[in-house]
Protein chains: 6
Amino acid sequence: MERVDELIIVIGSAQESHTLSNPFTAGERIEMIRRTLEGNNIDLSTIYFIPIPDILMNSVWVYHVKSFSPNFDLIISRNPLVLRLFKEAKYEILEPPPYDRKIYNSTYIRRLMIENNNEWEKLVPTEVSNYIHEIKGDERLRSIAGLS
Amino acid sequence: MERVDELIIVIGSAQESHTLSNPFTAGERIEMIRRTLEGNNIDLSTIYFIPIPDILMNSVWVYHVKSFSPNFDLIISRNPLVLRLFKEAKYEILEPPPYDRKIYNSTYIRRLMIENNNEWEKLVPTEVSNYIHEIKGDERLRSIAGLS
Amino acid sequence: MERVDELIIVIGSAQESHTLSNPFTAGERIEMIRRTLEGNNIDLSTIYFIPIPDILMNSVWVYHVKSFSPNFDLIISRNPLVLRLFKEAKYEILEPPPYDRKIYNSTYIRRLMIENNNEWEKLVPTEVSNYIHEIKGDERLRSIAGLS
Amino acid sequence: MERVDELIIVIGSAQESHTLSNPFTAGERIEMIRRTLEGNNIDLSTIYFIPIPDILMNSVWVYHVKSFSPNFDLIISRNPLVLRLFKEAKYEILEPPPYDRKIYNSTYIRRLMIENNNEWEKLVPTEVSNYIHEIKGDERLRSIAGLS
Amino acid sequence: MERVDELIIVIGSAQESHTLSNPFTAGERIEMIRRTLEGNNIDLSTIYFIPIPDILMNSVWVYHVKSFSPNFDLIISRNPLVLRLFKEAKYEILEPPPYDRKIYNSTYIRRLMIENNNEWEKLVPTEVSNYIHEIKGDERLRSIAGLS
Amino acid sequence: MERVDELIIVIGSAQESHTLSNPFTAGERIEMIRRTLEGNNIDLSTIYFIPIPDILMNSVWVYHVKSFSPNFDLIISRNPLVLRLFKEAKYEILEPPPYDRKIYNSTYIRRLMIENNNEWEKLVPTEVSNYIHEIKGDERLRSIAGLS
């Protein structure tokens, strides 16, 4: 928020939920981010949450995002495909802040959840672990994995 | 906003644009509403804009909305199909405020635009008419209608 | 059933419901037919109900039906497009029995329902009118039409 | 059939065929089950076969099934995802009978077919192996695997 | 061909056939144009025929066409929506030659066919009327209209 | 071209691009083949390029191809699934010429590109390597792989 006036948070693969890689609905993912921002006293009035379903055609994906979203000038992402597609469409890219990708790794965190190892709670914001417990999201993930 | 804590504004048929009934993209529609709320000094921090593409299966539409959106308890809509679907799914319905449906009628407003009759500007908030001029939305509508 | 050994009843546009022309889900349509057949003591053990969603590509539709359905040799239909598509695919067509198409007309029957005119009950089998009352299907149709 | 009055057999991924995991069309799968039930003198008049295409949105899948199918109260399945989705939608689950999952394993049976090992015939009902030979289904599977 | 080096003929709504407005498959439409060009001794080696299915999202349609087609610089079309979409994407538009739109009107020609009025044959190139007779296309159109 | 009068080159999975297995759009793939044929002085006037998007229903795929394409009698392919589907639809199959599948292997060639090993240029026609450099296709592939 120090670098931009408005922030549009795109929730990709919005149609997906209850899978091993996307256990939560788009709406649940919005709730997690929203509560975390609130918990950090970040002003929500200049932040949008835009769920975008997959379109399965990479060549038009940038224009699909553009049509679902308020206007934007800069892109922040760590996804190589997303970066490439916006670069080919001549968008300017902003470098995201560095982080420790070994432990803040979504596959690793979901694996801990599946193994019923509570260590995952320390790797996500408190608001997120509370919310996941509230909706029994960890139980859901274990069910999908065939373990409960 | 006097009756609810949070407001989720669903932008329906989000995949549609450049048609006679939906000339604007979902993102452009969000901009119009957002600017109008800002112009009226309404606090945006408790308002969400959720674009939702059509799914063409009315029997699952309520659950489709539910999965794209943060949690909600009440429905406000004037669309008879939307009201019916949420009612069958046991949601509580809030009565929207009355309005003059003869002149605040989207088909009528778009017809004025197509006929190049500036009267349409008086039937929408100033922020909306300014934005439509900015993106040449009236010219777009006339083009689609085959008139420019 | 006098002319065939097995009957496959295809429920077309199976994804559609809650519209003016298809107010009922595929499952509800199956229930209506099933109950009527039962009420007429017709043996159900050689009858299939196969819901088939629209595919929006007429050129492949026959093969779409074929892949969803047990094997069949003969086609019975009154729909001109259905007849043409199966004819182009070299299927044999059976003539359906004649009927009075002025009053046994689904558009007319649905219009009576919308107008809350109970005459529609006499134009459908008793099992169907009972079932529609049971699921409040006439109320649903009026709601969709914006009349309740 | 001892535990229920009516049985609705859902044929999932109904749009799929000619793949390594789903070599048969929905219609062919219905034929296999139907012939087996007939061969065991099971009354078919209270059994439905409902093909359901994938919808790729787990959050609405239960309601998709509901709209394609006659009314149901209980769910029988061994699929963890199916069980989880129906559980979240508050359906009651019936325990399926135990079986030897090492040899009655569809992946194993298809692998035997691909390797042209006739042992697969002993792992399916006679009606099924006869039907697969009739439609040259084992040859189809080997072709798809690139082996004939 | 006097104004361009290469011509890409886009066959739109390529998934559609056997409807009143698009009775012919994309492949049949390509055959009609191809035979007419051949009959006029036009060099086919610099002409492409690119069938493009509808995508139902106008905001990405230009990029959808771009990804299916070899590279192009200029657009020729009489369709107002197509012209608008390419104009918004900053493409240069070429004016198509004038013609008598009263009689060279596809709706009128199809109506003549439906009415079994042979006058339609004079309004299309000989190659097209021959081809339509060859595939019994006029009979198909009457069948779809419910007239044979 | 010695064995056939006309050649229809089907560009499959036409909707796909910017993936590890299909890095190029259908249009770019057409350009590569077209330029190679031109470089070999092959007459292009009897060759069609038909992009065909995936339909995800193998049982209707042959008829999908048929509807997008001018008429054809013979099939040439090395893909086992394609051959099986056309064989089930009673098409005649032509044997493609033998080749060294160890080095003329698309997965191997794309891997060389990702590893920035210029050896890939020797495994494709000069026209193709020139075109890929022109559109920076090798850089695109490395980007998608997360390597640049």
# chains A, B, ... in the order shown; residues from 1 in each chain; ligands from 1
$ interface_residues --of "chain C" --to "chain E" --cutoff "7 Å" --atoms "only C-alpha atoms" --output "PyMOL selection string"
chain C and resi 57-59+80-81+84
$ residues_around --residues "region 118-126 of chain A" --least-positions-apart "2" --cutoff "12 Å" --atoms "only C-alpha atoms" --output "ChimeraX atom specification"
/A:32-40,100-116,128-133,138
$ select_by_dssp --residues "chain F" --states "strand (DSSP E or B)" --output "VMD selection string"
chain F and resid 7 to 11 47 to 51 74 to 76 92 to 94
$ atom_distance --atom1 "CA of Ile42 (chain D)" --atom2 "CA of Leu83 (chain D)"
26.3 Å
$ select_by_dssp --residues "chain A" --states "alpha helix (DSSP H)" --output "JSON, numbers by chain"
{"A": [26, 27, 28, 29, 30, 31, 32, 33, 34, 35, 36, 37, 38, 39, 58, 59, 60, 61, 62, 63, 64, 65, 66, 67, 68, 80, 81, 82, 83, 84, 85, 86, 87, 88, 106, 107, 108, 109, 110, 111, 112, 113, 114, 126, 127, 128, 129, 130, 131, 132, 133, 134, 137, 138, 139, 140, 141, 142, 143, 144]}
$ atom_distance --atom1 "CA of Leu85 (chain D)" --atom2 "CA of Val60 (chain D)"
9.0 Å
$ atom_distance --atom1 "CA of Ser77 (chain D)" --atom2 "CA of Ile135 (chain A)"
23.8 Å
$ residues_around --residues "Glu6 (chain D)" --least-positions-apart "3" --cutoff "9 Å" --atoms "only C-alpha atoms" --output "ChimeraX atom specification"
/D:1,45-48,72
